[in-house]
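Visitor: What follows is a single structure, and I will ask about it in a moment.
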Amino acid sequence: MPETIEIQLKKGVLTLCVLALLNRHDSYAYEIASTLSDAIDMGEGTIYPLMRRMQSDGQVETYLVESPSGPSRKYYRLTDAGRRALAAQTTEWGAFARAVESILAAPAESAAPARTTEDETAERGAEQ
């Protein structure tokens, strides 16, 4: 079954959203997942592989914070590479969004008049 456009769009902007959230403040994966779940209805299971990939790409780094009520939490923070990726993706997203908006906002053209059987018959006669 093909994915809907909504799912494809969410997947396409997920990295940008995570970078933007981490640009605000350091966070742990569950907190990021909860924020994205509330904002764009993105499932928690999608975040963990993304965070590992972003870490291996050098966009984020981790550190542990002791928790008084349980195990230590792994926090993520942006690296310089992550800030550069955020700036580049924000620019790309802006250009893409403006292009889509201009297409959606363009007025519809008038439909060509329907061809009649007489038109088709006359055209076939002219071709012969």
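How things are named: the first chain in the structure tokens is A, the next is B, and so on; residues count from 1 in each chain; ligands count from 1 in the order shown.
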Show me, as JSON, numbers by chain, the residues that have an atom within 9 Å of range 36-42 of chain A when counting only C-alpha atoms, minus same-chain residues fewer than 6 positions from it.

Guide: {"A": [7, 10, 11, 14, 17, 18]}

Visitor: Please produce an output containing N, CA and C atoms for each residue in the selection, written as a PDB file, in the first residue's frame.

Guide:
ATOM      1  N   ILE A   7       2.451  11.232   5.249  1.00  0.00           N
ATOM      2  CA  ILE A   7       3.535  10.438   5.833  1.00  0.00           C
ATOM      3  C   ILE A   7       4.853  10.790   5.169  1.00  0.00           C
ATOM      4  N   LYS A  10       6.055  14.197   6.411  1.00  0.00           N
ATOM      5  CA  LYS A  10       6.558  14.110   7.781  1.00  0.00           C
ATOM      6  C   LYS A  10       7.962  13.525   7.811  1.00  0.00           C
ATOM      7  N   LYS A  11       8.166  12.451   7.080  1.00  0.00           N
ATOM      8  CA  LYS A  11       9.491  11.829   7.035  1.00  0.00           C
ATOM      9  C   LYS A  11      10.518  12.792   6.451  1.00  0.00           C
ATOM     10  N   LEU A  14      11.463  15.506   9.152  1.00  0.00           N
ATOM     11  CA  LEU A  14      11.739  15.054  10.513  1.00  0.00           C
ATOM     12  C   LEU A  14      13.107  15.516  11.010  1.00  0.00           C
ATOM     13  N   CYS A  17      13.017  19.166  11.819  1.00  0.00           N
ATOM     14  CA  CYS A  17      12.297  19.428  13.073  1.00  0.00           C
ATOM     15  C   CYS A  17      13.151  19.091  14.294  1.00  0.00           C
ATOM     16  N   VAL A  18      13.847  17.971  14.252  1.00  0.00           N
ATOM     17  CA  VAL A  18      14.703  17.588  15.380  1.00  0.00           C
ATOM     18  C   VAL A  18      15.828  18.600  15.548  1.00  0.00           C
TER      19      VAL A  18
END

Visitor: Which residues in chain A does DSSP call strand (DSSP E)? List them as a list in words.

Guide: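 Restricting chain A to strand (DSSP E) produces Ser27, Tyr28, Val60, Glu61, Thr62, Tyr63, Leu64, Val65, Glu66, Ser67, Gly70, Pro71, Ser72, Arg73, Lys74, Tyr75, Tyr76, Arg77 and Leu78 of chain A.
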
Visitor: Residues as selected, N, CA and C atoms, written as a compact mmCIF listing (two decimals), in the first residue's frame, can you do that?

Guide:
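The resulting file, again_31.txt, is reproduced below:
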# COMPACT_ATOMS: atom_id res chain seq x y z
N SER A 27 18.07 18.03 24.72
CA SER A 27 16.90 17.23 25.07
C SER A 27 17.23 15.75 24.97
N TYR A 28 16.38 14.92 25.55
CA TYR A 28 16.53 13.47 25.43
C TYR A 28 15.50 12.97 24.42
N VAL A 60 24.73 15.69 16.00
CA VAL A 60 24.43 15.78 17.43
C VAL A 60 25.49 14.99 18.19
N GLU A 61 25.61 15.34 19.46
CA GLU A 61 26.44 14.57 20.38
C GLU A 61 25.63 14.32 21.63
N THR A 62 26.05 13.35 22.42
CA THR A 62 25.27 12.98 23.60
C THR A 62 26.08 13.17 24.87
N TYR A 63 25.34 13.27 25.98
CA TYR A 63 25.94 13.26 27.31
C TYR A 63 24.89 12.73 28.28
N LEU A 64 25.33 12.17 29.38
CA LEU A 64 24.41 11.59 30.37
C LEU A 64 24.12 12.58 31.48
N VAL A 65 22.89 12.56 31.94
CA VAL A 65 22.46 13.39 33.07
C VAL A 65 21.85 12.47 34.10
N GLU A 66 22.36 12.53 35.32
CA GLU A 66 21.82 11.73 36.41
C GLU A 66 20.37 12.11 36.66
N SER A 67 19.56 11.09 36.95
CA SER A 67 18.16 11.32 37.25
C SER A 67 17.89 10.88 38.68
N GLY A 70 15.44 7.57 38.66
CA GLY A 70 15.64 6.44 37.75
C GLY A 70 17.02 6.48 37.13
N PRO A 71 17.17 5.76 36.04
CA PRO A 71 18.49 5.70 35.40
C PRO A 71 18.85 7.05 34.76
N SER A 72 20.12 7.22 34.49
CA SER A 72 20.59 8.44 33.81
C SER A 72 19.94 8.54 32.44
N ARG A 73 19.75 9.78 31.99
CA ARG A 73 19.17 10.02 30.67
C ARG A 73 20.26 10.47 29.71
N LYS A 74 20.14 9.99 28.47
CA LYS A 74 21.06 10.41 27.42
C LYS A 74 20.46 11.66 26.77
N TYR A 75 21.16 12.77 26.91
CA TYR A 75 20.74 14.02 26.29
C TYR A 75 21.49 14.22 24.98
N TYR A 76 20.81 14.90 24.06
CA TYR A 76 21.40 15.24 22.76
C TYR A 76 21.57 16.74 22.68
N ARG A 77 22.67 17.16 22.05
CA ARG A 77 22.87 18.58 21.77
C ARG A 77 23.44 18.71 20.36
N LEU A 78 23.17 19.87 19.76
CA LEU A 78 23.67 20.12 18.42
C LEU A 78 25.17 20.33 18.44

Visitor: Please, which residues of range 26-76 of chain A, numbered as in this document, come out alpha helix (DSSP H) from DSSP, as a VMD selection string?

Guide: chain A and resid 29 to 40 47 to 56

Visitor: Write a file of the selected residues as a compact mmCIF listing (two decimals), in the first residue's frame, keeping N, CA, C and O atoms.

Guide:
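The resulting file, out.txt, is shown below:
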# COMPACT_ATOMS: atom_id res chain seq x y z
N ALA A 29 15.75 11.79 23.89
CA ALA A 29 14.97 11.29 22.75
C ALA A 29 13.47 11.20 23.04
O ALA A 29 12.66 11.55 22.17
N TYR A 30 13.10 10.74 24.23
CA TYR A 30 11.67 10.61 24.52
C TYR A 30 10.98 11.97 24.52
O TYR A 30 9.85 12.12 24.04
N GLU A 31 11.66 12.99 25.04
CA GLU A 31 11.09 14.34 25.05
C GLU A 31 10.92 14.86 23.62
O GLU A 31 9.89 15.44 23.28
N ILE A 32 11.91 14.61 22.76
CA ILE A 32 11.82 15.00 21.36
C ILE A 32 10.65 14.27 20.70
O ILE A 32 9.83 14.87 20.00
N ALA A 33 10.56 12.96 20.95
CA ALA A 33 9.48 12.16 20.37
C ALA A 33 8.12 12.67 20.82
O ALA A 33 7.18 12.75 20.01
N SER A 34 7.98 13.01 22.09
CA SER A 34 6.70 13.51 22.61
C SER A 34 6.33 14.83 21.95
O SER A 34 5.17 15.04 21.57
N THR A 35 7.29 15.71 21.81
CA THR A 35 7.03 17.01 21.17
C THR A 35 6.59 16.81 19.73
O THR A 35 5.61 17.42 19.28
N LEU A 36 7.30 15.95 19.01
CA LEU A 36 6.94 15.71 17.61
C LEU A 36 5.62 14.97 17.47
O LEU A 36 4.87 15.19 16.52
N SER A 37 5.33 14.10 18.42
CA SER A 37 4.05 13.40 18.41
C SER A 37 2.90 14.38 18.56
O SER A 37 1.90 14.31 17.84
N ASP A 38 3.07 15.33 19.48
CA ASP A 38 2.03 16.34 19.69
C ASP A 38 1.91 17.29 18.50
O ASP A 38 0.82 17.65 18.09
N ALA A 39 3.05 17.69 17.93
CA ALA A 39 3.05 18.70 16.88
C ALA A 39 2.66 18.15 15.52
O ALA A 39 1.85 18.76 14.80
N ILE A 40 3.24 17.01 15.13
CA ILE A 40 3.00 16.51 13.77
C ILE A 40 2.59 15.04 13.76
O ILE A 40 2.64 14.39 12.72
N ILE A 47 11.98 8.14 16.01
CA ILE A 47 13.01 9.06 16.51
C ILE A 47 14.33 8.36 16.81
O ILE A 47 15.40 8.88 16.47
N TYR A 48 14.29 7.21 17.45
CA TYR A 48 15.53 6.57 17.90
C TYR A 48 16.49 6.25 16.76
O TYR A 48 17.68 6.59 16.85
N PRO A 49 16.03 5.63 15.66
CA PRO A 49 16.97 5.42 14.54
C PRO A 49 17.49 6.74 13.96
O PRO A 49 18.65 6.84 13.57
N LEU A 50 16.62 7.75 13.91
CA LEU A 50 17.04 9.05 13.40
C LEU A 50 18.12 9.66 14.28
O LEU A 50 19.12 10.19 13.78
N MET A 51 17.96 9.56 15.60
CA MET A 51 18.95 10.14 16.52
C MET A 51 20.30 9.43 16.36
O MET A 51 21.35 10.08 16.38
N ARG A 52 20.28 8.11 16.17
CA ARG A 52 21.53 7.37 15.95
C ARG A 52 22.20 7.82 14.66
O ARG A 52 23.42 8.02 14.61
N ARG A 53 21.39 7.98 13.61
CA ARG A 53 21.96 8.43 12.33
C ARG A 53 22.53 9.84 12.45
O ARG A 53 23.62 10.13 11.96
N MET A 54 21.81 10.73 13.11
CA MET A 54 22.28 12.10 13.28
C MET A 54 23.58 12.14 14.09
O MET A 54 24.46 12.95 13.82
N GLN A 55 23.68 11.24 15.06
CA GLN A 55 24.91 11.17 15.85
C GLN A 55 26.07 10.66 14.99
O GLN A 55 27.16 11.23 15.01
N SER A 56 25.82 9.62 14.21
CA SER A 56 26.90 9.09 13.35
C SER A 56 27.28 10.08 12.26
O SER A 56 28.42 10.09 11.80

Visitor: Choose the residue, out of A:Thr91, A:Ser110, A:Ser102, A:Thr79, that has the smallest atom-to-atom separation from Leu22 in chain A; count only C-alpha atoms.

Guide: A:Thr79

Visitor: How many Å lie between CA of His25 in chain A and CA of Trp93 in chain A, rounded to one decimal?

Guide: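 Pair CA of His25 in chain A / CA of Trp93 in chain A returns 21.4 Å.
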